[in-house]
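Q: A single structure is presented below for examination.
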Amino acid sequence: MDLAEILAHLSAPRPNHSQALAETAAYIKTLLTGWGVPFVVQEFTLRPYMQLLLGASMLVLAILLFVFVLKRKPLAALIVALAIPLVLILEFELFIPVITALVTKGGENIIVNFTAANPVREIVFAAHYDSKTDFWDHIQRSKVYAFIPLAVVIGLAVAIFAFFVKRYAVLRKKAITAVTLVLCGIVIAYWGLVFLGFGGYIFIPSDRQSFGSVDDGSSVAALLVLSKDIHDGKVDTGNSNITIVLTSGEEVSLQGSHAYLLERSGKGNKPTVPISTVNLELAGQNGPMVYWKKDGQFLKFYDADAGLAERLGAAWKEVSGTDMESRPAITDDAQRFLSAGIPAITVGNSGLPGLGEGYFHSTLDNTGRINPDNLKLMIKSLERYIEGYNSR
């Protein structure tokens, strides 16, 4: 097995709306089949243009707000202003596709299971094999998205104020009308920026697409190697069931992990043993192992499991001789496990020295960011983490 060859195959643009995503899934399945590692494929309905459709919808609603305020239609303006946060909450927090179900395709999660004779726990490992290219990177986007609550409040305030403008003639002065329309213009401009953050990738030429090497190709490679090592008897799994979940749809609002958990819970069978999840993001960069203290998406953020952090930190320390570090927050597949009440944590590498957590979803996420020795340490740490349950 050549780890470099696997990384090369997983370092190619593979957005959810592309044929390349299916080709990547086929490569993973072929690799596992060649190793003799059994797996199952979970098919689900994928909404590949989720962020693009939501960004466009928010911008259209902001424009309609301006039009209705200008034409003194306060009820319509209020409905539009309320629709913006409602749609975002339904789509991002409640996973109810009120708009984004307009365009769908088939998605696949690839699941490997290793079953113990007398299991007392299930350890789930997860990573996503889709990639994404954005108009801005993670850090730049977060600076824009931080103002979403303020934009919602301004939009609602303008719509409510429109009631008083219509009711009381004294408020129809040109200066007041001008200020109101300027605020509407600011709302439009802001949601235009959000649209670029959500769907600006449509303006990125094909030769400027992210290779997704570290986000999250190297993590997928790590879990593929882990699955082979377990299958080959190189890891003592003891009395732990091991599940490895490779998801698609993570880059479009965690759709793959959501589908995985929905199917598990939808069968009506409660787990017979406790479950915990280790999600991998940005693994194999420079720097020590890191974990993110909180994981969320839009409104609610969940705390990473402290017990898992302790175990993983000890495994990394044993393998590398360095301490695991922490970072504030992240948005990834662990959010879905945490929201389902399953203890979970996301780990990766800091990327320092280097670009750290910045400049992903761009051409700077390429194989040059991968530290092969660090990736091997990550794999070894995960194996030590599994074996650590046998001695406690």
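Letters for chains follow the order of the structure tokens (A, B, ...), residue numbers begin at 1 for each chain, and ligand numbers begin at 1 in the order shown.
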Taking the DSSP secondary structure from the backbone, can you list the residues of segment 12-60 of chain A that are strand (DSSP E or B), as a list in words?
A: Val40, Val41, Gln42, Glu43, Phe44, Thr45 and Leu46 of chain A
Q: Dump C-alpha atoms for the selected residues as a CSV table (one decimal), in the first residue's frame?
A:
chain,number,residue,atom,x,y,z
A,40,VAL,CA,-21.5,-1.1,2.7
A,41,VAL,CA,-22.7,1.9,0.8
A,42,GLN,CA,-25.5,4.1,2.1
A,43,GLU,CA,-27.3,5.9,-0.6
A,44,PHE,CA,-29.2,9.1,0.2
A,45,THR,CA,-30.6,12.2,-1.5
A,46,LEU,CA,-28.0,14.9,-1.8
Q: What lies within 9 Å of segment 137-146 of chain A using only C-alpha atoms, ignoring chain neighbours under 6 positions off, as an NGL selection string?
A: :A and (190 or 193-194 or 197-198 or 357-362)
Q: How about saving the chosen residues, C-alpha atoms kept, as a PDB file, in the first residue's frame?
A:
ATOM      1  CA  TYR A 190     -24.750  42.500   3.087  1.00  0.00           C
ATOM      2  CA  LEU A 193     -21.693  39.382   0.415  1.00  0.00           C
ATOM      3  CA  VAL A 194     -23.282  36.333   2.020  1.00  0.00           C
ATOM      4  CA  GLY A 197     -19.710  33.345   0.623  1.00  0.00           C
ATOM      5  CA  PHE A 198     -22.409  30.742   0.015  1.00  0.00           C
ATOM      6  CA  GLU A 357      -6.692  26.806   9.594  1.00  0.00           C
ATOM      7  CA  GLY A 358      -6.737  29.357   6.771  1.00  0.00           C
ATOM      8  CA  TYR A 359      -6.821  29.223   2.983  1.00  0.00           C
ATOM      9  CA  PHE A 360      -8.855  26.072   2.588  1.00  0.00           C
ATOM     10  CA  HIS A 361     -11.472  25.793  -0.155  1.00  0.00           C
ATOM     11  CA  SER A 362      -8.847  27.255  -2.499  1.00  0.00           C
TER      12      SER A 362
END
Q: Excluding same-chain residues fewer than 6 positions from Gln51 of chain A, what lies within 12 Å of it counting only C-alpha atoms, as a ChimeraX atom specification?
A: /A:16-17,57-58,88,91-92,97,99-101,103,132-134,194-202,249-255
Q: Which of these, A:Phe114, A:Asn390, A:His258, A:Lys300, has the shortest distance to Lys228 of chain A once you count only C-alpha atoms?
A: A:Phe114
Q: Could you name the residues that touch Arg121 of chain A at 12 Å or less, counting only C-alpha atoms, but leaving out those on the same chain fewer than 2 positions away, as a PyMOL selection string?
A: chain A and resi 114-119+123-124+237-243+271-277+386+389-390
Q: Quick one: everything within 8 Å of Met289 of chain A, counting only C-alpha atoms, minus sequence neighbours fewer than 6 positions away in the same chain. Send it as a list of chain:residue names.
A: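 Using only C-alpha atoms, the neighbours found are A:Gly313, A:Trp316, A:Asp323, A:Met324, A:Glu325, A:Val347, A:Gly348, A:Asn349, A:Ser350, A:Met378.
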Q: Do you know which residues are at most 12 Å from Gly296 of chain A counting only C-alpha atoms, after dropping those on the same chain fewer than 6 positions away, and could you put them as a list of chain:residue names?
A: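 Those residues are A:Phe92, A:Glu93, A:Ser253, A:Leu254, A:Tyr302, A:Asp303, A:Ala304, A:Pro328, A:Ala329, A:Ile330, A:Thr331, A:Asp332, A:Asp333, A:Ala334, A:Gln335, A:Arg336, A:Phe337, A:Leu338, A:Ser339, A:Ile345, A:Thr346.
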Q: Could those selected residues go to a file with N, CA and C atoms, as a PDB file, in the first residue's frame?
A:
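Listed below is the output, again-v8.pdb:
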ATOM      1  N   PHE A  92     -30.492  25.110   8.004  1.00  0.00           N
ATOM      2  CA  PHE A  92     -29.209  24.841   8.659  1.00  0.00           C
ATOM      3  C   PHE A  92     -29.344  24.157  10.015  1.00  0.00           C
ATOM      4  N   GLU A  93     -30.350  24.523  10.774  1.00  0.00           N
ATOM      5  CA  GLU A  93     -30.478  23.970  12.123  1.00  0.00           C
ATOM      6  C   GLU A  93     -31.403  22.765  12.194  1.00  0.00           C
ATOM      7  N   SER A 253     -23.455  21.497   4.140  1.00  0.00           N
ATOM      8  CA  SER A 253     -24.226  21.465   5.378  1.00  0.00           C
ATOM      9  C   SER A 253     -24.394  20.067   5.966  1.00  0.00           C
ATOM     10  N   LEU A 254     -23.312  19.293   5.964  1.00  0.00           N
ATOM     11  CA  LEU A 254     -23.237  18.053   6.744  1.00  0.00           C
ATOM     12  C   LEU A 254     -24.303  17.042   6.332  1.00  0.00           C
ATOM     13  N   TYR A 302     -22.105  22.848  20.171  1.00  0.00           N
ATOM     14  CA  TYR A 302     -22.033  21.810  21.193  1.00  0.00           C
ATOM     15  C   TYR A 302     -20.594  21.667  21.682  1.00  0.00           C
ATOM     16  N   ASP A 303     -20.452  21.260  22.939  1.00  0.00           N
ATOM     17  CA  ASP A 303     -19.127  21.049  23.520  1.00  0.00           C
ATOM     18  C   ASP A 303     -18.573  19.697  23.103  1.00  0.00           C
ATOM     19  N   ALA A 304     -17.306  19.690  22.701  1.00  0.00           N
ATOM     20  CA  ALA A 304     -16.627  18.424  22.436  1.00  0.00           C
ATOM     21  C   ALA A 304     -16.554  17.614  23.722  1.00  0.00           C
ATOM     22  N   PRO A 328     -10.866  27.009  19.248  1.00  0.00           N
ATOM     23  CA  PRO A 328     -12.196  27.412  19.751  1.00  0.00           C
ATOM     24  C   PRO A 328     -13.378  26.645  19.172  1.00  0.00           C
ATOM     25  N   ALA A 329     -13.576  26.689  17.850  1.00  0.00           N
ATOM     26  CA  ALA A 329     -14.812  26.131  17.295  1.00  0.00           C
ATOM     27  C   ALA A 329     -14.620  25.748  15.842  1.00  0.00           C
ATOM     28  N   ILE A 330     -15.491  24.851  15.380  1.00  0.00           N
ATOM     29  CA  ILE A 330     -15.441  24.373  14.000  1.00  0.00           C
ATOM     30  C   ILE A 330     -16.837  23.937  13.594  1.00  0.00           C
ATOM     31  N   THR A 331     -17.053  23.825  12.293  1.00  0.00           N
ATOM     32  CA  THR A 331     -18.299  23.279  11.762  1.00  0.00           C
ATOM     33  C   THR A 331     -17.955  22.058  10.925  1.00  0.00           C
ATOM     34  N   ASP A 332     -18.419  20.900  11.334  1.00  0.00           N
ATOM     35  CA  ASP A 332     -18.118  19.669  10.598  1.00  0.00           C
ATOM     36  C   ASP A 332     -19.077  18.570  11.030  1.00  0.00           C
ATOM     37  N   ASP A 333     -18.801  17.350  10.549  1.00  0.00           N
ATOM     38  CA  ASP A 333     -19.726  16.233  10.762  1.00  0.00           C
ATOM     39  C   ASP A 333     -19.956  15.884  12.224  1.00  0.00           C
ATOM     40  N   ALA A 334     -19.003  16.202  13.097  1.00  0.00           N
ATOM     41  CA  ALA A 334     -19.200  15.888  14.521  1.00  0.00           C
ATOM     42  C   ALA A 334     -20.437  16.576  15.078  1.00  0.00           C
ATOM     43  N   GLN A 335     -20.830  17.690  14.474  1.00  0.00           N
ATOM     44  CA  GLN A 335     -22.009  18.423  14.948  1.00  0.00           C
ATOM     45  C   GLN A 335     -23.257  17.559  14.921  1.00  0.00           C
ATOM     46  N   ARG A 336     -23.379  16.729  13.888  1.00  0.00           N
ATOM     47  CA  ARG A 336     -24.571  15.896  13.784  1.00  0.00           C
ATOM     48  C   ARG A 336     -24.600  14.820  14.873  1.00  0.00           C
ATOM     49  N   PHE A 337     -23.426  14.250  15.185  1.00  0.00           N
ATOM     50  CA  PHE A 337     -23.366  13.252  16.250  1.00  0.00           C
ATOM     51  C   PHE A 337     -23.670  13.899  17.604  1.00  0.00           C
ATOM     52  N   LEU A 338     -23.090  15.065  17.840  1.00  0.00           N
ATOM     53  CA  LEU A 338     -23.321  15.759  19.108  1.00  0.00           C
ATOM     54  C   LEU A 338     -24.790  16.142  19.257  1.00  0.00           C
ATOM     55  N   SER A 339     -25.399  16.586  18.184  1.00  0.00           N
ATOM     56  CA  SER A 339     -26.814  16.978  18.257  1.00  0.00           C
ATOM     57  C   SER A 339     -27.712  15.779  18.524  1.00  0.00           C
ATOM     58  N   ILE A 345     -16.005  14.302  19.049  1.00  0.00           N
ATOM     59  CA  ILE A 345     -14.924  15.270  19.048  1.00  0.00           C
ATOM     60  C   ILE A 345     -14.329  15.313  17.648  1.00  0.00           C
ATOM     61  N   THR A 346     -13.800  16.445  17.275  1.00  0.00           N
ATOM     62  CA  THR A 346     -13.078  16.567  16.004  1.00  0.00           C
ATOM     63  C   THR A 346     -11.615  16.840  16.287  1.00  0.00           C
TER      64      THR A 346
END
Q: Expressed in Å to a single decimal, how great is the separation between atom CA of Leu224 of chain A and atom CA of His9 of chain A?
A: 12.6 Å
Q: When you count only C-alpha atoms, which of these residues is closest to Gln285 of chain A: A:Gln209, A:Thr104, A:Ser218, A:Thr363?
A: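 Smallest distance to Gln285 of chain A is found for A:Ser218.
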Q: Compare A:Val80, A:Ala151, A:Leu312, A:Leu32 by their minimum atom-to-atom distance to Ala189 of chain A, counting only C-alpha atoms, and give me the closest one.
A: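 So, comparing all the options, the nearest one is A:Ala151.
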Q: Give me the residues within 12 Å of Leu82 of chain A as a list in words, counting only C-alpha atoms and dropping any in the same chain fewer than 3 places off.
A: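 These residues fall inside the cut-off: Met58, Leu61, Ala62, Leu65, Leu75, Ala76, Ala77, Leu78, Ile79, Pro85, Leu86, Val87, Leu88, Ile89, Ala151, Val152, Val153, Ile154, Gly155, Leu156, Ala157, Val158, Ala159 and Ile160 of chain A.
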Q: Please identify which residues in segment 42-275 of chain A DSSP calls helix (DSSP H, G or I) from the backbone, and express them as number ranges by chain.
A: A: 50-70, 74-93, 100-102, 138-145, 148-167, 169-171, 174-203, 206-208, 213-231, 250-252, 255-266
Q: What is the atom CA of Ser18 of chain A-atom CA of Ile110 of chain A distance in Å, reported with one decimal?
A: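 It comes out at 17.8 Å.
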Q: So which one's closest to Pro74 of chain A, A:Ala309, A:Ala162, A:Leu262, A:Ala22? Using only C-alpha atoms, please.
A: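 Checking each of A:Ala309, A:Ala162, A:Leu262, A:Ala22 against Pro74 of chain A, counting only C-alpha atoms, the winner is A:Ala162.
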Q: When distances are computed from only C-alpha atoms, which of A:Phe66, A:Phe301, A:Phe163, A:Trp292 shows the smallest separation from Ala178 of chain A?
A: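 Using only C-alpha atoms, the shortest distance to Ala178 of chain A belongs to A:Phe66.
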Q: Just the number, please: distance in Å from atom CA of Ser210 of chain A to atom CA of Ser131 of chain A, one decimal.
A: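 One can read the atom CA of Ser210 of chain A to atom CA of Ser131 of chain A distance as 7.2 Å.
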